[in-house]
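Report on one structure; see the data block that follows.
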Amino acid sequence: MPGTDTIVVGAGPAGLAAAITLADADHQVVVIDKARFPRDKICGDGLTALALRYYEDLGLDASLVASWTPIDSCHVQSPSGRTVDLPLPGGPGHHAVIARRRDLDAAFVEAARARGVEIREATPCLGVTSGGARVQVETPAGMLDAQHLIAADGMWSPVRRHLGGEGTRHLGEWHAVRQYWSGLTGPAATQLWAWFDEDLLPGYAWSFPLGGGRANVGFGVLRSDGRKGAELNDLWAGLAARPHIRAALGPDAAPDEPHRAWPIPARVTDIELWRGRTLFTGDAAAATDPMTGEGIGQALLTGVEAARAVIGGGSAHDVGARYEDAVRQHLFADHHMGYGLGRLLAHPVTCRAAVRIAGATPWIRRNFARWLFEDYPRALVVTPRRWHRHMFSGPGAFGQPATAPVPPTSPPDRGPRSGEAAPGSATASAPQGPTA
């Protein structure tokens, strides 16, 4: 039975973030995934500043992501029809990017392999046995044995199920639908749009440009407010025909493929984050933002923190408790604030007021964009432990010529990386929700 330090199930953002961090610390790690890359992943395809900084630190080569499309502003329309342009900060680097997950995840797989990570594609997890000082994972090629297991295998985590956790009945806190469109000639051909229509609140519809007149068009709504499948289908049926959305897309825009839906879990504060020698990350930890449904930045963060917990050593309990504490420190306050803000935005009057305030002055527009696009943690102001001198400023990601990858040190929300000059300009990221 082949043995290693850590097995990672899932080669998405969370799994590869964990694997790269482990490999950089000279830990033996094997990643398995049921898919072969490149493969499609249903997603809004938006990357926040948080996600971009992790990807940069973890060695992603943006030049290998064919659909990499930097964004410099977001156009937000309230239920009343008021539209506000929220500019993202200028200066070096990117604060928001749209990239198809098919391209992005394949490039990240190559980045992980370049760092020495062993990735076994087309290798599903068929079973997990945990006890004593080791954990075993059953695959079609035989058993794998390790000291630790990191589950990065999605919302309906097979690893969690094999360990006796919840099954597949949970439908997620968010419900999202995505469809790729081409032939865009309206402003959405080159601009990011978010429409807060009254019947979607506290969710929203979006159009995220991918260049060449193409875009990812979709919507994300709360499912936990009691919406049923038939209602969700009706919402999608006429979405692109709404006059304000059609005007943004242009008269010749048309879908390239059937729409696809997916559930998004957002209950990191209420889910088991570890069991025995297994740590749950990304969607398997339900670590998406409850206000917008964004999850890529959170997936990368949980993957890195799971790896750091393993690197810290100690008993299985020590590792699990260390990981849970890290997730609590980084995500719990933001999660609670996100839920609170989401409840407020569910009311059209409050949503209209928020958009009106966001567009009041150039200073507010710029800084609202930085907050909305996750340049700093959503609850930073009420969590003094995360304050630092440059918490409201800094350059974007991928702004410097490619150099040797730098292993992640402190999380991006804690200021400049080690050895980095003090940043001098503002930053932001991309909407958290179905955007990612």
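By convention here, the chains of the structure tokens are called A, B, ... in the order presented, each chain's residues are numbered starting at 1, and ligands are numbered starting at 1 in the order presented.
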
Subject >> Filtered DSSP result for stretch 112-262 of chain A, state strand (DSSP E), as a PyMOL selection string >> reply: chain A and resi 118-120+127-131+134-139+142-151+174-182+192-195+204-211+214-222+254-255+260-262

Export C-alpha atoms of the chosen residues as a PDB file, in the first residue's frame?
```pdb
ATOM      1  CA  GLU A 118       1.799  14.450  -7.912  1.00  0.00           C
ATOM      2  CA  ILE A 119      -1.690  14.661  -9.429  1.00  0.00           C
ATOM      3  CA  ARG A 120      -3.587  11.556 -10.472  1.00  0.00           C
ATOM      4  CA  GLY A 127     -13.832   4.793   0.031  1.00  0.00           C
ATOM      5  CA  VAL A 128     -12.103   6.128   3.119  1.00  0.00           C
ATOM      6  CA  THR A 129     -10.952   4.269   6.207  1.00  0.00           C
ATOM      7  CA  SER A 130      -9.660   6.254   9.142  1.00  0.00           C
ATOM      8  CA  GLY A 131      -8.338   5.015  12.448  1.00  0.00           C
ATOM      9  CA  ARG A 134      -3.166   6.595   9.395  1.00  0.00           C
ATOM     10  CA  VAL A 135      -5.966   7.131   6.905  1.00  0.00           C
ATOM     11  CA  GLN A 136      -6.587   5.039   3.782  1.00  0.00           C
ATOM     12  CA  VAL A 137      -8.257   6.097   0.546  1.00  0.00           C
ATOM     13  CA  GLU A 138      -9.557   3.504  -1.897  1.00  0.00           C
ATOM     14  CA  THR A 139      -9.088   4.250  -5.607  1.00  0.00           C
ATOM     15  CA  GLY A 142      -5.643   0.437  -5.188  1.00  0.00           C
ATOM     16  CA  MET A 143      -5.369   1.850  -1.703  1.00  0.00           C
ATOM     17  CA  LEU A 144      -3.459   4.977  -0.743  1.00  0.00           C
ATOM     18  CA  ASP A 145      -2.211   5.443   2.810  1.00  0.00           C
ATOM     19  CA  ALA A 146      -1.297   8.691   4.569  1.00  0.00           C
ATOM     20  CA  GLN A 147      -1.071  10.473   7.879  1.00  0.00           C
ATOM     21  CA  HIS A 148      -3.597  13.114   6.832  1.00  0.00           C
ATOM     22  CA  LEU A 149      -6.409  13.550   4.318  1.00  0.00           C
ATOM     23  CA  ILE A 150      -7.598  16.892   2.928  1.00  0.00           C
ATOM     24  CA  ALA A 151     -11.057  16.732   1.381  1.00  0.00           C
ATOM     25  CA  TRP A 174     -27.549  29.535  -3.019  1.00  0.00           C
ATOM     26  CA  HIS A 175     -28.870  28.362  -6.363  1.00  0.00           C
ATOM     27  CA  ALA A 176     -27.021  29.616  -9.424  1.00  0.00           C
ATOM     28  CA  VAL A 177     -27.449  29.277 -13.182  1.00  0.00           C
ATOM     29  CA  ARG A 178     -24.814  29.927 -15.832  1.00  0.00           C
ATOM     30  CA  GLN A 179     -24.877  30.105 -19.617  1.00  0.00           C
ATOM     31  CA  TYR A 180     -22.174  31.173 -22.074  1.00  0.00           C
ATOM     32  CA  TRP A 181     -23.284  33.732 -24.661  1.00  0.00           C
ATOM     33  CA  SER A 182     -21.628  35.120 -27.785  1.00  0.00           C
ATOM     34  CA  LEU A 192     -19.055  43.594 -15.927  1.00  0.00           C
ATOM     35  CA  TRP A 193     -22.738  44.049 -15.056  1.00  0.00           C
ATOM     36  CA  ALA A 194     -24.773  43.050 -11.984  1.00  0.00           C
ATOM     37  CA  TRP A 195     -28.554  43.535 -11.896  1.00  0.00           C
ATOM     38  CA  TYR A 204     -28.589  39.187  -8.604  1.00  0.00           C
ATOM     39  CA  ALA A 205     -28.142  38.524 -12.290  1.00  0.00           C
ATOM     40  CA  TRP A 206     -24.786  39.035 -13.969  1.00  0.00           C
ATOM     41  CA  SER A 207     -22.925  39.290 -17.231  1.00  0.00           C
ATOM     42  CA  PHE A 208     -19.165  38.763 -16.974  1.00  0.00           C
ATOM     43  CA  PRO A 209     -17.204  39.491 -20.171  1.00  0.00           C
ATOM     44  CA  LEU A 210     -14.783  36.942 -21.589  1.00  0.00           C
ATOM     45  CA  GLY A 211     -13.538  38.912 -24.599  1.00  0.00           C
ATOM     46  CA  ARG A 214     -18.534  36.482 -25.277  1.00  0.00           C
ATOM     47  CA  ALA A 215     -19.775  36.488 -21.698  1.00  0.00           C
ATOM     48  CA  ASN A 216     -20.823  34.313 -18.787  1.00  0.00           C
ATOM     49  CA  VAL A 217     -24.480  35.228 -18.150  1.00  0.00           C
ATOM     50  CA  GLY A 218     -26.401  33.973 -15.152  1.00  0.00           C
ATOM     51  CA  PHE A 219     -28.022  34.612 -11.830  1.00  0.00           C
ATOM     52  CA  GLY A 220     -27.660  33.537  -8.225  1.00  0.00           C
ATOM     53  CA  VAL A 221     -30.456  33.562  -5.652  1.00  0.00           C
ATOM     54  CA  LEU A 222     -30.886  32.319  -2.125  1.00  0.00           C
ATOM     55  CA  ALA A 254     -27.340  34.453 -28.247  1.00  0.00           C
ATOM     56  CA  PRO A 255     -26.517  31.498 -25.995  1.00  0.00           C
ATOM     57  CA  ARG A 260     -26.519  24.776 -16.321  1.00  0.00           C
ATOM     58  CA  ALA A 261     -27.423  25.124 -12.649  1.00  0.00           C
ATOM     59  CA  TRP A 262     -25.525  24.304  -9.479  1.00  0.00           C
TER      60      TRP A 262
END
```

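Atom pair atom CA of A:Ala19 / atom CA of A:Ala316: separated by 18.3 Å.
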
**OP:** Figure out the distance between atom CA of A:Gly93 and atom CA of A:Phe398, please, to one decimal in Å.
**Re:** 5.0 Å

**OP:** Do a neighbour search on A:Ile264 at 12 Å with only C-alpha atoms, toss out local chain neighbours closer than 5 positions, and write the hits as a PyMOL selection string.
**Re:** chain A and resi 42-44+154-156+170-177+220-224+282-296+432-436

Original post:
So which residues touch A:Glu198 within 12 Å, counting only C-alpha atoms, skipping near sequence neighbours fewer than 4 positions away, as a PyMOL selection string?
Top reply: chain A and resi 77-81+202-205+221+235+345-352

Original post:
For A:Ala62, which residue among A:Val327, A:Ile7, A:Ala253, A:Ala397 is the nearest when counting only C-alpha atoms?
Top reply: A:Ala397

Counting only C-alpha atoms, what is within 12 Å of A:Asp318, bar same-chain residues fewer than 4 positions away, as a PDB file with N, CA and C atoms, in the first residue's frame?
```
ATOM      1  N   TRP A 274     -13.543  19.285  10.431  1.00  0.00           N
ATOM      2  CA  TRP A 274     -12.565  18.208  10.446  1.00  0.00           C
ATOM      3  C   TRP A 274     -13.137  17.021  11.207  1.00  0.00           C
ATOM      4  N   ARG A 275     -12.640  15.870  10.869  1.00  0.00           N
ATOM      5  CA  ARG A 275     -13.021  14.650  11.570  1.00  0.00           C
ATOM      6  C   ARG A 275     -11.819  13.721  11.557  1.00  0.00           C
ATOM      7  N   GLY A 276     -11.321  13.401  12.736  1.00  0.00           N
ATOM      8  CA  GLY A 276     -10.154  12.530  12.811  1.00  0.00           C
ATOM      9  C   GLY A 276      -8.968  13.141  12.097  1.00  0.00           C
ATOM     10  N   ARG A 277      -8.456  12.436  11.097  1.00  0.00           N
ATOM     11  CA  ARG A 277      -7.300  12.904  10.333  1.00  0.00           C
ATOM     12  C   ARG A 277      -7.692  13.569   9.018  1.00  0.00           C
ATOM     13  N   LEU A 279      -9.429  16.885   7.009  1.00  0.00           N
ATOM     14  CA  LEU A 279      -9.807  18.291   7.049  1.00  0.00           C
ATOM     15  C   LEU A 279     -10.638  18.599   5.805  1.00  0.00           C
ATOM     16  N   ARG A 308      -1.268  24.335   6.238  1.00  0.00           N
ATOM     17  CA  ARG A 308      -0.483  24.875   7.344  1.00  0.00           C
ATOM     18  C   ARG A 308      -0.757  24.128   8.640  1.00  0.00           C
ATOM     19  N   ALA A 309      -2.005  23.724   8.835  1.00  0.00           N
ATOM     20  CA  ALA A 309      -2.331  22.967  10.040  1.00  0.00           C
ATOM     21  C   ALA A 309      -1.599  21.631  10.048  1.00  0.00           C
ATOM     22  N   VAL A 310      -1.536  20.980   8.884  1.00  0.00           N
ATOM     23  CA  VAL A 310      -0.803  19.715   8.775  1.00  0.00           C
ATOM     24  C   VAL A 310       0.687  19.941   9.004  1.00  0.00           C
ATOM     25  N   ILE A 311       1.222  20.987   8.405  1.00  0.00           N
ATOM     26  CA  ILE A 311       2.646  21.275   8.545  1.00  0.00           C
ATOM     27  C   ILE A 311       3.004  21.539   9.999  1.00  0.00           C
ATOM     28  N   GLY A 312       2.067  22.107  10.764  1.00  0.00           N
ATOM     29  CA  GLY A 312       2.318  22.394  12.172  1.00  0.00           C
ATOM     30  C   GLY A 312       2.528  21.166  13.029  1.00  0.00           C
ATOM     31  N   GLY A 313       2.084  20.012  12.541  1.00  0.00           N
ATOM     32  CA  GLY A 313       2.328  18.759  13.245  1.00  0.00           C
ATOM     33  C   GLY A 313       1.485  18.577  14.488  1.00  0.00           C
ATOM     34  N   GLY A 314       1.807  17.511  15.223  1.00  0.00           N
ATOM     35  CA  GLY A 314       1.069  17.178  16.418  1.00  0.00           C
ATOM     36  C   GLY A 314       0.068  16.070  16.162  1.00  0.00           C
ATOM     37  N   ARG A 322      -6.250  23.232  15.082  1.00  0.00           N
ATOM     38  CA  ARG A 322      -5.487  24.349  14.519  1.00  0.00           C
ATOM     39  C   ARG A 322      -6.158  24.859  13.239  1.00  0.00           C
ATOM     40  N   TYR A 323      -6.617  23.927  12.427  1.00  0.00           N
ATOM     41  CA  TYR A 323      -7.291  24.304  11.186  1.00  0.00           C
ATOM     42  C   TYR A 323      -8.622  25.003  11.472  1.00  0.00           C
ATOM     43  N   GLU A 324      -9.410  24.447  12.360  1.00  0.00           N
ATOM     44  CA  GLU A 324     -10.691  25.059  12.679  1.00  0.00           C
ATOM     45  C   GLU A 324     -10.508  26.470  13.230  1.00  0.00           C
ATOM     46  N   ASP A 325      -9.500  26.654  14.063  1.00  0.00           N
ATOM     47  CA  ASP A 325      -9.244  27.980  14.615  1.00  0.00           C
ATOM     48  C   ASP A 325      -8.871  28.959  13.508  1.00  0.00           C
TER      49      ASP A 325
END
```

**OP:** Pick out each residue of stretch 48-142 of chain A that DSSP on the backbone tags as alpha helix (DSSP H); I need them as a PyMOL selection string.
**Re:** chain A and resi 49-57+101-114

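Across A:Ala321, A:Val9, A:Ala111, A:Val65, the tightest approach to A:Pro158 is made by A:Val9 when counting only C-alpha atoms.
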
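For A:Ala35, the non-local neighbours within 7 Å, defined as residues at least 3 positions apart in the same chain or in other chains and counting only C-alpha atoms, are Arg39, Glu121 and Ala122 of chain A.
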
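Closest approach to A:Tyr55 from the set A:Gly340, A:Pro70, A:Pro384, A:Gly297 is made by A:Gly297, with distances taken over only C-alpha atoms.
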
**OP:** Between atom CA of A:Ala112 and atom CA of A:Leu22, measure the distance and give it in Å to one decimal.
**Re:** 10.7 Å

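Here the question is which of A:Val355, A:Ile271, A:Val304, A:Ala266 gets nearest to A:His336 using only C-alpha atoms, and that residue is A:Ala266.
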
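Shortest separation to A:Gly91 among A:Ala11, A:Asp72, A:Gly338, A:Asp270 occurs at residue A:Asp72, atoms counted being only C-alpha atoms.
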
Original post:
Can you list, as a PyMOL selection string, every protein, DNA or RNA residue that comes within 8 Å of A:Gly396 when you count only C-alpha atoms, leaving out same-chain residues fewer than 3 positions away?
Top reply: chain A and resi 49+53+91-95+399+427-428
